[in-house]
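**Q** Dropping in protein_16.tsv, with TSV, C-alpha atoms.
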```tsv
chain	number	residue	atom	x	y	z
A	1305	MET	CA	0.00	0.00	0.00
A	1306	ALA	CA	1.39	3.39	-1.01
A	1307	THR	CA	2.22	5.83	1.76
A	1308	SER	CA	1.58	9.53	1.26
A	1309	LEU	CA	3.83	12.26	2.62
A	1310	VAL	CA	1.01	13.55	4.81
A	1311	SER	CA	0.75	10.24	6.63
A	1312	LEU	CA	4.43	10.16	7.57
A	1313	PRO	CA	5.59	11.06	11.10
A	1314	PRO	CA	6.81	14.69	11.34
A	1315	GLU	CA	10.42	13.65	12.05
A	1316	ILE	CA	10.51	11.52	8.87
A	1317	LEU	CA	8.94	14.30	6.84
A	1318	LEU	CA	11.61	16.73	8.09
A	1319	ILE	CA	14.34	14.31	6.99
A	1320	ILE	CA	12.82	14.14	3.49
A	1321	LEU	CA	12.47	17.92	3.19
A	1322	ASP	CA	16.01	18.38	4.49
A	1323	SER	CA	17.42	17.20	1.13
A	1324	LEU	CA	15.30	19.54	-1.01
A	1325	SER	CA	15.93	22.99	-2.46
A	1326	VAL	CA	13.91	26.08	-1.61
A	1327	GLY	CA	11.91	25.69	-4.81
A	1328	ASP	CA	11.16	22.02	-4.10
A	1329	ILE	CA	9.93	22.84	-0.58
A	1330	VAL	CA	7.64	25.57	-1.95
A	1331	ARG	CA	6.24	23.14	-4.51
A	1332	VAL	CA	5.69	20.48	-1.82
A	1333	ALA	CA	3.79	23.03	0.29
A	1334	GLN	CA	1.56	23.83	-2.66
A	1335	THR	CA	0.44	20.23	-3.19
A	1336	SER	CA	-1.90	20.03	-0.21
A	1337	SER	CA	-3.22	22.11	2.65
A	1338	ALA	CA	-1.77	19.68	5.19
A	1339	LEU	CA	1.76	19.98	3.79
A	1340	ARG	CA	1.40	23.74	3.53
A	1341	ARG	CA	0.42	23.91	7.22
A	1342	PHE	CA	3.44	21.75	8.06
A	1343	VAL	CA	5.89	24.04	6.22
A	1344	LEU	CA	4.22	27.17	7.66
A	1345	SER	CA	4.61	25.84	11.19
A	1346	ASN	CA	8.25	24.72	10.83
A	1347	ARG	CA	11.23	26.95	10.16
A	1348	ILE	CA	13.63	24.01	9.75
A	1349	PRO	CA	12.94	22.90	6.14
A	1350	LEU	CA	13.58	26.28	4.51
A	1351	SER	CA	16.37	27.33	6.88
A	1352	LYS	CA	18.28	24.07	6.25
A	1353	SER	CA	17.68	23.95	2.50
A	1354	PHE	CA	21.01	23.53	0.74
A	1355	ASN	CA	20.50	26.59	-1.49
A	1356	HIS	CA	18.70	28.95	0.89
A	1357	SER	CA	21.66	31.33	1.28
A	1358	TYR	CA	21.59	32.49	-2.34
A	1359	THR	CA	17.95	31.77	-3.23
A	1360	LEU	CA	16.06	33.40	-0.36
A	1361	HIS	CA	16.05	37.17	-0.61
A	1362	LEU	CA	15.48	38.27	2.99
A	1363	PRO	CA	15.16	41.82	4.36
A	1364	LEU	CA	18.25	43.47	5.81
A	1365	THR	CA	19.34	42.14	9.22
A	1366	CYS	CA	16.84	39.28	8.89
A	1367	THR	CA	17.97	35.66	8.88
A	1368	THR	CA	16.24	32.32	8.72
A	1369	LYS	CA	16.63	32.17	12.51
A	1370	ASN	CA	14.82	35.40	13.40
A	1371	LEU	CA	11.97	35.25	10.87
A	1372	SER	CA	8.75	33.41	11.67
A	1373	PRO	CA	8.04	30.29	9.58
A	1374	GLN	CA	5.13	32.14	7.94
A	1375	LEU	CA	7.27	35.10	6.83
A	1376	LEU	CA	10.07	32.76	5.79
A	1377	TYR	CA	7.67	30.89	3.51
A	1378	THR	CA	6.29	34.17	2.11
A	1379	HIS	CA	9.77	35.33	1.14
A	1380	ALA	CA	10.55	31.89	-0.33
A	1381	VAL	CA	7.49	32.11	-2.60
A	1382	LYS	CA	8.47	35.63	-3.72
A	1383	SER	CA	12.06	34.57	-4.36
A	1384	MET	CA	10.97	31.62	-6.48
A	1385	ALA	CA	8.62	33.82	-8.51
A	1386	ILE	CA	11.49	36.21	-9.28
A	1387	SER	CA	13.77	33.30	-10.25
A	1388	ALA	CA	11.10	31.92	-12.59
A	1389	ARG	CA	10.70	35.28	-14.32
A	1390	LEU	CA	14.46	35.64	-14.74
A	1391	ALA	CA	14.72	32.13	-16.18
A	1392	GLN	CA	11.96	32.81	-18.69
A	1393	SER	CA	13.65	36.02	-19.82
A	1394	LEU	CA	17.04	34.41	-20.45
A	1395	ASN	CA	16.19	33.15	-23.94
A	1396	GLY	CA	12.90	34.98	-24.41
A	1397	SER	CA	11.45	38.44	-24.08
A	1398	PRO	CA	13.17	40.93	-21.79
A	1399	ILE	CA	11.78	41.04	-18.28
A	1400	GLN	CA	9.09	43.67	-17.78
A	1401	PRO	CA	8.77	45.57	-14.49
A	1402	ARG	CA	5.67	44.81	-12.46
A	1403	GLN	CA	5.85	48.14	-10.68
A	1404	SER	CA	7.56	51.45	-11.29
A	1405	VAL	CA	8.25	53.87	-8.42
A	1406	VAL	CA	9.65	57.36	-9.00
A	1407	TYR	CA	11.74	58.95	-6.23
A	1408	SER	CA	12.32	62.69	-6.21
A	1409	LEU	CA	15.91	63.88	-5.75
A	1410	GLU	CA	14.78	67.25	-4.43
A	1411	ALA	CA	15.43	66.33	-0.78
A	1412	LEU	CA	19.00	65.37	-1.70
A	1413	GLU	CA	19.77	68.83	-3.10
A	1414	THR	CA	21.03	67.23	-6.29
A	1415	LYS	CA	19.67	66.96	-9.81
A	1416	TRP	CA	19.63	64.34	-12.52
A	1417	ASP	CA	22.21	65.26	-15.14
A	1418	PRO	CA	21.35	63.53	-18.45
A	1419	THR	CA	24.82	64.30	-19.81
A	1420	LYS	CA	26.48	62.49	-16.89
A	1421	PRO	CA	23.95	60.27	-15.10
A	1422	PRO	CA	24.73	58.53	-11.79
A	1423	VAL	CA	27.04	55.52	-11.82
A	1424	GLY	CA	28.34	53.02	-9.29
A	1425	TYR	CA	24.99	51.74	-8.09
A	1426	PHE	CA	24.51	49.51	-5.05
A	1427	VAL	CA	21.08	47.97	-4.33
A	1428	ARG	CA	20.13	45.78	-1.41
A	1429	ASP	CA	16.56	45.56	-0.13
A	1430	ARG	CA	15.54	49.18	0.61
A	1431	ILE	CA	19.11	50.53	0.45
A	1432	LEU	CA	20.19	52.33	-2.73
A	1433	ALA	CA	23.57	54.00	-3.22
A	1434	PHE	CA	24.96	55.79	-6.25
A	1435	LEU	CA	27.66	58.21	-7.32
A	1436	ASN	CA	27.20	61.47	-9.22
A	1437	ARG	CA	28.95	64.84	-9.53
A	1438	GLN	CA	27.75	65.96	-6.09
A	1439	GLY	CA	29.07	62.94	-4.21
A	1440	ILE	CA	28.02	59.49	-3.06
A	1441	PHE	CA	24.42	59.19	-1.87
A	1442	VAL	CA	23.13	56.37	0.34
A	1443	LEU	CA	19.33	56.22	0.55
A	1444	LEU	CA	16.80	54.38	2.69
A	1445	LEU	CA	13.80	54.03	0.38
A	1446	GLY	CA	10.19	54.05	1.53
A	1447	GLU	CA	7.55	51.85	-0.03
A	1448	ALA	CA	5.36	54.73	-1.27
A	1449	GLY	CA	7.93	56.55	-3.40
A	1450	ASP	CA	9.52	58.58	-0.61
A	1451	ILE	CA	13.12	58.66	0.59
A	1452	GLU	CA	12.93	58.08	4.34
A	1453	LYS	CA	16.56	58.89	5.13
A	1454	HIS	CA	19.71	59.67	3.21
A	1455	ALA	CA	23.41	60.30	3.68
A	1456	ARG	CA	25.93	62.02	1.45
A	1457	LEU	CA	29.68	61.42	1.20
A	1458	GLU	CA	31.54	64.39	-0.22
A	1459	LEU	CA	33.92	63.97	-3.16
A	1460	GLN	CA	36.11	66.32	-5.12
A	1461	ALA	CA	33.80	66.90	-8.06
A	1462	GLU	CA	36.54	67.78	-10.55
A	1463	PHE	CA	37.98	64.23	-10.47
A	1464	GLU	CA	36.68	61.00	-11.95
A	1465	THR	CA	36.03	58.34	-9.29
A	1466	GLU	CA	36.11	54.55	-9.15
A	1467	ILE	CA	33.92	53.00	-6.44
A	1468	ALA	CA	33.21	49.67	-4.74
A	1469	TYR	CA	30.88	48.61	-1.92
A	1470	GLN	CA	30.62	45.86	0.67
A	1471	MET	CA	27.84	45.23	3.16
A	1472	SER	CA	29.17	44.67	6.66
A	1473	GLN	CA	28.77	41.21	8.17
A	1474	GLY	CA	25.89	42.31	10.40
A	1475	GLU	CA	24.30	44.27	7.52
A	1476	ASN	CA	24.14	47.39	9.69
A	1477	SER	CA	26.65	49.40	7.67
A	1478	LEU	CA	27.92	49.86	4.13
A	1479	LEU	CA	31.65	49.97	3.41
A	1480	VAL	CA	32.49	52.35	0.55
A	1481	ALA	CA	35.89	52.36	-1.17
A	1482	THR	CA	36.68	55.12	-3.65
A	1483	VAL	CA	39.67	56.14	-5.73
A	1484	SER	CA	39.73	59.68	-7.12
A	1485	LEU	CA	41.75	59.89	-10.34
A	1486	ARG	CA	44.16	62.82	-10.13
A	1487	ASP	CA	47.06	63.98	-12.30
A	1488	ASN	CA	49.46	63.99	-9.36
A	1489	GLY	CA	48.54	60.51	-8.06
A	1490	ASP	CA	45.24	58.87	-7.28
A	1491	LEU	CA	43.59	59.23	-3.85
A	1492	MET	CA	41.98	56.31	-1.99
A	1493	HIS	CA	39.26	56.57	0.68
A	1494	VAL	CA	37.61	53.85	2.75
A	1495	ARG	CA	34.50	54.96	4.63
A	1496	GLU	CA	31.67	53.24	6.48
A	1497	VAL	CA	28.06	54.46	6.45
A	1498	CYS	CA	25.55	53.28	9.05
A	1499	ILE	CA	22.41	51.95	7.32
A	1500	ALA	CA	20.56	50.80	10.45
A	1501	LYS	CA	17.46	52.86	11.20
A	1502	ASP	CA	19.01	54.04	14.45
A	1503	GLY	CA	21.99	56.14	13.49
A	1504	PHE	CA	21.39	55.98	9.74
A	1505	GLY	CA	23.84	58.14	7.84
A	1506	SER	CA	26.60	58.40	10.43
A	1507	ILE	CA	29.95	58.12	8.65
A	1508	SER	CA	33.27	56.67	9.84
A	1509	ASN	CA	36.45	57.52	7.92
A	1510	HIS	CA	38.85	54.57	7.98
A	1511	LEU	CA	41.46	55.54	5.40
A	1512	GLU	CA	42.64	58.41	3.20
A	1513	ILE	CA	45.90	57.91	1.31
A	1514	GLY	CA	47.61	58.97	-1.88
A	1515	LEU	CA	48.42	56.08	-4.20
A	1516	PRO	CA	51.56	55.43	-6.23
A	1517	LEU	CA	49.22	54.57	-9.14
A	1518	ASP	CA	47.59	56.71	-11.76
A	1519	THR	CA	44.73	55.93	-14.13
A	1520	THR	CA	43.14	53.48	-11.70
A	1521	SER	CA	40.67	51.35	-13.66
A	1522	CYS	CA	38.87	49.55	-10.84
A	1523	VAL	CA	38.72	49.20	-7.07
A	1524	ALA	CA	37.57	46.31	-4.88
A	1525	ILE	CA	36.91	45.98	-1.15
A	1526	ARG	CA	36.57	43.02	1.17
A	1527	ASP	CA	37.09	43.75	4.84
A	1528	PRO	CA	39.88	44.37	5.83
A	1529	TYR	CA	41.42	44.68	2.35
A	1530	CYS	CA	40.97	47.25	-0.39
A	1531	VAL	CA	42.77	47.13	-3.74
A	1532	ALA	CA	43.13	49.66	-6.55
A	1533	VAL	CA	44.17	48.46	-10.00
A	1534	ASN	CA	45.39	49.86	-13.28
A	1535	THR	CA	46.16	47.71	-16.31
A	1536	GLU	CA	49.59	46.61	-15.04
A	1537	GLU	CA	49.82	47.19	-11.28
A	1538	ALA	CA	47.82	47.04	-8.08
A	1539	TYR	CA	48.02	48.75	-4.73
A	1540	LEU	CA	46.69	46.65	-1.87
A	1541	VAL	CA	45.97	47.95	1.63
A	1542	ASN	CA	44.80	46.46	4.89
A	1543	TRP	CA	42.84	49.52	5.97
A	1544	ARG	CA	42.32	48.30	9.52
A	1545	GLU	CA	46.04	47.79	10.16
A	1546	LYS	CA	47.17	50.70	7.91
A	1547	THR	CA	49.57	48.50	5.96
A	1548	GLY	CA	49.93	48.17	2.21
A	1549	GLN	CA	51.85	46.82	-0.75
A	1550	TRP	CA	52.47	47.94	-4.34
A	1551	LEU	CA	52.20	44.86	-6.59
A	1552	LYS	CA	53.00	43.45	-10.02
A	1553	PHE	CA	51.94	39.95	-11.07
A	1554	HIS	CA	53.94	37.25	-12.88
A	1555	PRO	CA	51.94	34.44	-14.50
A	1556	HIS	CA	52.89	31.06	-13.07
A	1557	ASN	CA	52.93	29.44	-16.54
A	1558	MET	CA	55.00	31.98	-18.52
A	1559	ALA	CA	58.77	31.60	-18.77
A	1560	GLY	CA	60.86	34.62	-19.65
A	1561	ASP	CA	61.59	35.08	-23.35
A	1562	LYS	CA	64.98	36.54	-22.43
A	1563	PRO	CA	67.38	35.63	-19.62
A	1564	GLY	CA	66.29	37.25	-16.39
A	1565	ARG	CA	62.97	38.43	-17.79
A	1566	ASP	CA	59.48	37.15	-17.01
A	1567	TRP	CA	56.11	38.08	-18.42
A	1568	THR	CA	53.91	40.25	-16.25
A	1569	LEU	CA	50.17	40.70	-16.45
A	1570	PHE	CA	49.72	43.93	-18.36
A	1571	ASP	CA	46.06	44.13	-19.41
A	1572	ILE	CA	44.29	43.59	-16.08
A	1573	LEU	CA	40.54	43.96	-16.45
A	1574	THR	CA	39.63	43.66	-12.79
A	1575	ILE	CA	40.59	42.12	-9.45
A	1576	ILE	CA	38.21	40.72	-6.86
A	1577	ILE	CA	39.04	39.58	-3.33
A	1578	HIS	CA	38.22	36.09	-2.07
A	1579	PRO	CA	35.39	36.27	0.49
A	1580	LYS	CA	37.09	34.03	3.07
A	1581	ASP	CA	40.78	33.60	2.24
A	1582	PRO	CA	43.54	36.21	1.67
A	1583	VAL	CA	43.56	35.63	-2.10
A	1584	LEU	CA	43.24	37.98	-5.07
A	1585	VAL	CA	41.45	36.74	-8.19
A	1586	ILE	CA	42.89	38.56	-11.21
A	1587	PHE	CA	41.35	38.78	-14.68
A	1588	ASP	CA	43.76	39.70	-17.47
A	1589	CYS	CA	41.86	40.24	-20.70
A	1590	SER	CA	44.35	40.90	-23.51
A	1591	ASP	CA	43.14	39.96	-27.00
A	1592	ASP	CA	46.53	38.96	-28.40
A	1593	HIS	CA	48.72	38.11	-25.43
A	1594	PRO	CA	49.38	34.67	-23.91
A	1595	THR	CA	48.78	35.93	-20.36
A	1596	SER	CA	45.05	36.44	-20.96
A	1597	GLY	CA	42.91	34.56	-18.44
A	1598	MET	CA	42.21	34.20	-14.72
A	1599	TYR	CA	44.89	34.00	-12.03
A	1600	LEU	CA	45.10	33.61	-8.26
A	1601	ALA	CA	47.59	35.51	-6.10
A	1602	ASP	CA	48.08	35.09	-2.36
A	1603	ILE	CA	47.92	38.31	-0.36
A	1604	PRO	CA	51.29	38.83	1.36
A	1605	LYS	CA	51.18	37.82	5.01
A	1606	ALA	CA	53.39	40.73	6.06
A	1607	MET	CA	52.92	44.16	4.49
A	1608	GLN	CA	54.69	47.42	5.26
A	1609	SER	CA	53.22	50.51	6.80
A	1610	ILE	CA	51.45	52.58	4.17
A	1611	GLU	CA	54.02	55.38	4.27
A	1612	GLU	CA	56.83	52.97	3.29
A	1613	THR	CA	55.26	51.50	0.15
A	1614	VAL	CA	54.91	54.40	-2.27
A	1615	ARG	CA	58.37	54.43	-3.87
A	1616	PRO	CA	59.04	52.45	-7.09
A	1617	GLU	CA	61.76	50.32	-5.46
A	1618	HIS	CA	59.10	48.92	-3.12
A	1619	ILE	CA	57.05	47.22	-5.85
A	1620	LEU	CA	56.61	43.55	-4.95
A	1621	SER	CA	56.45	41.02	-7.78
A	1622	LEU	CA	54.00	38.24	-6.95
A	1623	LYS	CA	54.02	34.95	-8.81
A	1624	THR	CA	50.48	33.75	-9.33
A	1625	ARG	CA	49.19	30.31	-8.43
A	1626	SER	CA	47.94	27.78	-10.96
A	1627	ALA	CA	44.70	28.95	-12.49
A	1628	PRO	CA	41.56	26.87	-11.88
A	1629	VAL	CA	41.13	24.29	-14.63
A	1630	TRP	CA	38.02	24.10	-16.77
A	1631	THR	CA	37.20	22.58	-20.15
A	1632	SER	CA	36.64	25.34	-22.68
A	1633	PRO	CA	33.51	24.96	-24.83
A	1634	PHE	CA	34.93	27.38	-27.37
A	1635	THR	CA	36.73	26.76	-30.66
A	1636	PRO	CA	40.54	26.49	-30.26
A	1637	GLU	CA	42.69	28.85	-32.26
A	1638	THR	CA	44.50	27.42	-35.28
A	1639	GLY	CA	47.89	28.10	-36.81
A	1640	SER	CA	51.50	27.27	-36.12
A	1641	ASP	CA	51.19	27.99	-32.39
A	1642	PRO	CA	47.56	27.25	-31.43
A	1643	GLU	CA	46.20	28.30	-28.04
A	1644	SER	CA	43.04	27.11	-26.34
A	1645	TYR	CA	40.54	29.90	-26.87
A	1646	GLU	CA	38.79	30.96	-23.68
A	1647	GLY	CA	37.05	34.07	-24.94
A	1648	LYS	CA	36.41	37.25	-23.02
A	1649	MET	CA	35.94	36.76	-19.28
A	1650	PHE	CA	33.54	38.86	-17.21
A	1651	PRO	CA	33.49	38.09	-13.46
A	1652	MET	CA	30.03	38.22	-11.86
A	1653	GLY	CA	31.36	37.91	-8.33
A	1654	PHE	CA	31.00	35.52	-5.42
A	1655	ARG	CA	27.78	34.06	-4.07
A	1656	ARG	CA	27.45	32.30	-0.74
A	1657	LEU	CA	25.77	28.92	-0.42
A	1658	SER	CA	26.54	28.65	3.30
A	1659	ASP	CA	28.92	30.26	5.80
A	1660	SER	CA	31.82	28.19	4.43
A	1661	PHE	CA	30.61	27.37	0.90
A	1662	TRP	CA	31.17	29.93	-1.86
A	1663	ILE	CA	30.81	29.96	-5.65
A	1664	LEU	CA	32.57	32.29	-8.12
A	1665	ASP	CA	30.57	32.89	-11.31
A	1666	VAL	CA	32.33	34.05	-14.48
A	1667	LEU	CA	30.63	34.81	-17.80
A	1668	ILE	CA	32.71	33.99	-20.88
A	1669	SER	CA	31.84	34.94	-24.44
A	1670	GLY	CA	33.33	33.31	-27.51
A	1671	ASP	CA	32.80	31.05	-30.53
A	1672	ILE	CA	31.18	27.77	-29.61
A	1673	ALA	CA	33.15	24.59	-30.26
A	1674	GLU	CA	32.58	23.05	-33.66
A	1675	THR	CA	30.29	20.01	-33.87
A	1676	SER	CA	30.09	17.06	-36.24
A	1677	ASP	CA	26.75	18.30	-37.55
A	1678	PRO	CA	27.40	19.50	-41.15
A	1679	ASN	CA	24.26	21.63	-41.02
A	1680	ALA	CA	25.28	23.51	-37.89
A	1681	PRO	CA	26.00	27.21	-38.51
A	1682	PRO	CA	29.74	28.01	-38.37
A	1683	ASP	CA	31.32	30.28	-35.77
A	1684	ARG	CA	28.24	30.50	-33.58
A	1685	SER	CA	28.98	32.91	-30.74
A	1686	ALA	CA	27.74	31.93	-27.29
A	1687	LEU	CA	27.77	33.02	-23.68
A	1688	ALA	CA	28.87	30.47	-21.09
A	1689	ARG	CA	28.80	30.65	-17.32
A	1690	VAL	CA	31.63	28.96	-15.45
A	1691	SER	CA	30.85	28.39	-11.76
A	1692	TYR	CA	33.86	27.63	-9.57
A	1693	ASP	CA	33.23	25.72	-6.35
A	1694	LEU	CA	35.73	27.22	-3.92
A	1695	SER	CA	35.15	24.51	-1.29
A	1696	GLU	CA	36.22	21.75	-3.73
A	1697	ASN	CA	39.57	23.16	-4.84
A	1698	TRP	CA	38.00	25.44	-7.46
A	1699	THR	CA	36.29	22.69	-9.44
A	1700	ALA	CA	34.30	24.17	-12.33
A	1701	GLN	CA	30.88	23.60	-13.81
A	1702	ILE	CA	30.11	25.02	-17.28
A	1703	GLU	CA	26.73	26.01	-18.62
A	1704	ILE	CA	25.92	27.59	-22.00
A	1705	VAL	CA	23.42	30.28	-21.04
A	1706	GLY	CA	22.59	31.80	-24.43
A	1707	ASP	CA	23.64	32.89	-27.89
A	1708	ILE	CA	25.11	36.29	-28.62
```
Re-express the file's structure as structure tokens.
**A**
Amino acid sequence: MATSLVSLPPEILLIILDSLSVGDIVRVAQTSSALRRFVLSNRIPLSKSFNHSYTLHLPLTCTTKNLSPQLLYTHAVKSMAISARLAQSLNGSPIQPRQSVVYSLEALETKWDPTKPPVGYFVRDRILAFLNRQGIFVLLLGEAGDIEKHARLELQAEFETEIAYQMSQGENSLLVATVSLRDNGDLMHVREVCIAKDGFGSISNHLEIGLPLDTTSCVAIRDPYCVAVNTEEAYLVNWREKTGQWLKFHPHNMAGDKPGRDWTLFDILTIIIHPKDPVLVIFDCSDDHPTSGMYLADIPKAMQSIEETVRPEHILSLKTRSAPVWTSPFTPETGSDPESYEGKMFPMGFRRLSDSFWILDVLISGDIAETSDPNAPPDRSALARVSYDLSENWTAQIEIVGDI
């Protein structure tokens, strides 16, 4: 005789649900009123789901432990609806907004400049931050089109600015790293803005230093590190300890073409900082150079005080570690010296599956590998997503996500 889920003892039912994803649990709850009541009265299934950390979109400062089972289920249903709409839009019609809310900038004493609109956006729940000519604005948005609270970080308006954000671990503050691009050397700031309702907008200044770099192309922050990068060099600081290091990178797999000379990365697209370990992930994106690709570099364990690292003789050359291995789906180059073609790499960033389980997603565009089908169109361009599992020694999973 078949046994239904409803007839099982609660402890057995919890064991079954424990192996399911957030979407599976939502679908189980929608099959019968009895199962829906069970999920609504138990926080455990959703909070222990293996993919809850990156699937459930919870309000700021809320966790699966301090939300009621009813609210947890409500947010799970909303999160799955958003995921379904995004999946449908991937190879179909562009996603259409369900609601449009207009916020007036009048209270901020700034105006929308169509010739130079805001850049450097950060969005999380009801927090919105952006950069324009008048500075960096951090907003607490109301639900009815009003701005409840706001803070402004002053910048020197005559300089271009690179910016990066990080939410603090407790989600009560926003770390903001900026580099102002100046003719006489770039200027780095690290500041922290309170985004909790009590004390919203209070600002702490952690760092203000001149850099030995110019023409900074990107900046990244991951407490306690901040790094500024141009195409050939990086300047890394530990802003809590006020130490730093000026860096160049040597690919682990490139021997020098002349005695005493090694290749260096010279077309760095961006650098991101590992969320748990002191490791830099470097993306060099040269079209016609053998160093193009992704590299790992260990952050030096001992760095000098900031004042001692700004002279050229203090540049440290770091040899990168072996790059994570993945099987390219793209057509190899041909000729007398063929190279495996990996296409253009665009890092999407890290996502957390649990406190110790992280994934790095990278989008790669290129020509899809040739097939044996004679009717297949030649040189079909595609977009692939490579997901690196950091907990399993950077093992990679590849998925073709669409044509270009």
**Q** How many Å lie between atom CA of Asp1581 of chain A and atom CA of Ser1632 of chain A, rounded to one decimal?
**A**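 So the two atoms, atom CA of Asp1581 of chain A and atom CA of Ser1632 of chain A, lie 26.6 Å apart.
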**Q** Which neighbours of Val1332 of chain A fall inside 12 Å, counting all atoms listed in the file, when residues of the same chain fewer than 3 positions from it are skipped, and could you give them as a PyMOL selection string?
**A** chain A and resi 1309-1310+1317+1320-1321+1324-1329+1335-1344+1349-1350+1377+1381
**Q** Smallest atom-to-atom distance to Met1384 of chain A: which of A:Gln1608, A:Asn1355, A:Thr1367, A:Asn1542, using all atoms listed in the file?
**A**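 Result for the nearest residue to Met1384 of chain A: A:Asn1355.
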**Q** Rounded to one decimal in Å, what is the spacing between atom CA of Phe1570 of chain A and atom CA of Asp1588 of chain A?
**A** 7.4 Å
**Q** Pick out the closest residue to Glu1447 of chain A from this set: A:Ser1404, A:Leu1478, A:Lys1415, A:Met1471. Count only C-alpha atoms.
**A**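 So, comparing all the options, the nearest one is A:Ser1404.
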**Q** Using only C-alpha atoms, which of the listed residues (A:Gly1439, A:Gly1653, A:Pro1418, A:Gly1424) sits closest to Phe1463 of chain A?
**A**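 Under the stated criterion, the closest residue is A:Gly1439.
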**Q** Record the distance separating atom CA of Ala1627 of chain A and atom CA of Gly1597 of chain A, expressed in Å with one decimal.
**A** 8.4 Å
**Q** Under the rule that only C-alpha atoms are counted, which of A:Leu1412, A:Val1541, A:Leu1664, A:Cys1498 is the nearest residue to Gln1438 of chain A?
**A** A:Leu1412
**Q** Please provide the set of residues having any atom within 12 Å of Leu1444 of chain A, restricted to all atoms listed in the file, with same-chain residues fewer than 2 positions apart removed, written as a PDB file with C-alpha atoms, in the coordinates of the input.
**A**
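Output file around.pdb is given in full below:
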```pdb
ATOM      1  CA  LEU A1364      18.250  43.470   5.810  1.00  0.00           C
ATOM      2  CA  TYR A1407      11.740  58.950  -6.230  1.00  0.00           C
ATOM      3  CA  PHE A1426      24.510  49.510  -5.050  1.00  0.00           C
ATOM      4  CA  VAL A1427      21.080  47.970  -4.330  1.00  0.00           C
ATOM      5  CA  ARG A1428      20.130  45.780  -1.410  1.00  0.00           C
ATOM      6  CA  ASP A1429      16.560  45.560  -0.130  1.00  0.00           C
ATOM      7  CA  ARG A1430      15.540  49.180   0.610  1.00  0.00           C
ATOM      8  CA  ILE A1431      19.110  50.530   0.450  1.00  0.00           C
ATOM      9  CA  LEU A1432      20.190  52.330  -2.730  1.00  0.00           C
ATOM     10  CA  ALA A1433      23.570  54.000  -3.220  1.00  0.00           C
ATOM     11  CA  PHE A1441      24.420  59.190  -1.870  1.00  0.00           C
ATOM     12  CA  VAL A1442      23.130  56.370   0.340  1.00  0.00           C
ATOM     13  CA  GLY A1446      10.190  54.050   1.530  1.00  0.00           C
ATOM     14  CA  GLU A1447       7.550  51.850  -0.030  1.00  0.00           C
ATOM     15  CA  GLY A1449       7.930  56.550  -3.400  1.00  0.00           C
ATOM     16  CA  ASP A1450       9.520  58.580  -0.610  1.00  0.00           C
ATOM     17  CA  ILE A1451      13.120  58.660   0.590  1.00  0.00           C
ATOM     18  CA  GLU A1452      12.930  58.080   4.340  1.00  0.00           C
ATOM     19  CA  LYS A1453      16.560  58.890   5.130  1.00  0.00           C
ATOM     20  CA  HIS A1454      19.710  59.670   3.210  1.00  0.00           C
ATOM     21  CA  ALA A1455      23.410  60.300   3.680  1.00  0.00           C
ATOM     22  CA  ARG A1456      25.930  62.020   1.450  1.00  0.00           C
ATOM     23  CA  VAL A1497      28.060  54.460   6.450  1.00  0.00           C
ATOM     24  CA  CYS A1498      25.550  53.280   9.050  1.00  0.00           C
ATOM     25  CA  ILE A1499      22.410  51.950   7.320  1.00  0.00           C
ATOM     26  CA  ALA A1500      20.560  50.800  10.450  1.00  0.00           C
ATOM     27  CA  LYS A1501      17.460  52.860  11.200  1.00  0.00           C
ATOM     28  CA  ASP A1502      19.010  54.040  14.450  1.00  0.00           C
ATOM     29  CA  PHE A1504      21.390  55.980   9.740  1.00  0.00           C
ATOM     30  CA  GLY A1505      23.840  58.140   7.840  1.00  0.00           C
TER      31      GLY A1505
END
```
**Q** Out of A:Ile1586, A:Leu1620, A:Ile1507, A:Val1405, which residue has the shortest atom-to-atom distance to Leu1551 of chain A when counting all atoms listed in the file?
**A**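 Nearest to Leu1551 of chain A: A:Leu1620.
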**Q** Please check which residues have atoms at most 12 Å from (30.3, 27.9, -14.2) in the file's coordinates, counting only C-alpha atoms, and write them as a ChimeraX atom specification.
**A** /A:1628-1633,1649-1654,1663-1668,1687-1694,1698-1705
**Q** Ranking A:Pro1363, A:Gly1489, A:Pro1422, A:Pro1604 by minimum distance to Phe1434 of chain A and counting only C-alpha atoms, which one comes first?
**A**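 Closest residue, counting only C-alpha atoms: A:Pro1422.
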